[in-house]
Amino acid sequence: MQTGEKARENPLAFKRSAGSWWAGGWRKWLALGLGLASLGGRAPSRQPDFQVIAFFTGKHDLAHISFVREANQWFPRMAAQHHFTYDTTSNWQNMNAEFLKRYQVVVFLDTRPETAAQRAAFQQYMERGGAWLGFHFAAFALSPSTYAQNWDWYHERFLGSGQYVGNTWRPTAAVLQVADQHHPTTRHLPATFTSAPNEWYKWEHDLRQNPDIDVLLAIDPSSFPLGTGPKPHEIWHAGYYPVAWTNRRYRMVYANMGHNDMDYEHGTNQSLSATFSSPAQSRFILNSLRWLGRH
């Protein structure tokens, strides 16, 4: 199986993680299960609870690429521990009904579908009960730009956020408040916790005014001032900024995390932070994925 450049060459290419369940040998082990148990051997592994496919582009921004690489190491470890499969593809032509029907959860690690056919397939997948977890740049839209707001269903109805209107800089940790302490995604989280460093986005629409949106996490006021600049508008001093939410009309969670700090200044382009370095934030992400997969 392939990923990266080879996956882009082959519209069906994708990579399955070490957390996947190997269907080819299970019948043999099932047949021997009773004998193994009687001899003190281990019974065959159980079937996965759900299957995940993560789409990514991984070539437009070093900070986003750093996150994609980190995520594609972290999620397979979680898959092995929590009984789900995690596959990846960088070929967006795989965004079609035949491919998507294999999976219970779709993840967007950095970008979004761009062609009309891909967008129609994703909308149909979600409207027929599929589940989605999106990170950071997957919600970005700004007109005019390379990623213009030219998909109303996704940005206005599905995400509810509208266009991107600004961000903090440079990537810094924030204190996050749990806005909905009763939601399964926030289970076992403290009322506030410190995130991993991130570039935080703000949006065109006030999500609190949308009856379909349930804000899960938001910037806690104790975080202010948030950002270091140097531009004054990249430092937030007040306001309400949701960073994770769900739309009750769909099985979905969006999380604004997914932009690591990078050493641009010294020319090394090395990652200076890790998105999965905050235990509470990582718990929220895993809770979200498991809720979507089993919901």
# chains A, B, ... in the order shown; residues from 1 in each chain; ligands from 1
>>> select_by_dssp(residues="stretch 38-246 of chain A", states="strand (DSSP E)", output="count of residues only")
47
>>> select_by_dssp(residues="stretch 43-169 of chain A", states="alpha helix (DSSP H)", output="number ranges by chain")
A: 62-82, 97-100, 116-127, 152
>>> closest_residue(among="A:Ser90, A:Asn256, A:Thr228, A:Asn287", to="A:Pro242", atoms="only C-alpha atoms")
A:Asn256
>>> closest_residue(among="A:Gln177, A:Leu142, A:His233, A:His136", to="A:Trp200", atoms="only C-alpha atoms")
A:His136
>>> residues_around(residues="stretch 43-57 of chain A", least_positions_apart="5", cutoff="6 Å", atoms="only C-alpha atoms", output="list of chain:residue names")
A:Trp29, A:Gly33, A:His83, A:Phe84, A:Thr85, A:Tyr86, A:Asp87, A:Thr88, A:Thr89, A:Ser90, A:Tyr103, A:Gln104, A:Val105, A:Val106, A:Val107, A:Phe108, A:Leu109, A:Asp110, A:Gly293
>>> residues_around(residues="A:Asn210", least_positions_apart="3", cutoff="10 Å", atoms="only C-alpha atoms", output="PyMOL selection string")
chain A and resi 157+160-161+205-207+213-215+247
>>> residues_around(residues="A:Thr192", least_positions_apart="6", cutoff="8 Å", atoms="only C-alpha atoms", output="list in words")
Val175, Leu176, Gln177, Val178 and Asp220 of chain A
>>> residues_around(residues="A:His155", least_positions_apart="4", cutoff="10 Å", atoms="only C-alpha atoms", output="list of chain:residue names")
A:Ala139, A:Phe140, A:Ala141, A:Gln149, A:Asn150, A:Trp151, A:Leu159, A:Gly160, A:Ser161, A:Gly162, A:Gln163, A:Tyr164
>>> atom_distance(atom1="atom CA of A:Ala80", atom2="atom CA of A:Asp261")
28.0 Å
>>> residues_around(residues="A:Met78", least_positions_apart="5", cutoff="12 Å", atoms="only C-alpha atoms", output="PyMOL selection string")
chain A and resi 17-20+52+71-73+83-86+276+282-283+285-287+289-290
>>> atom_distance(atom1="atom CA of A:Glu204", atom2="atom CA of A:Ala191")
26.6 Å
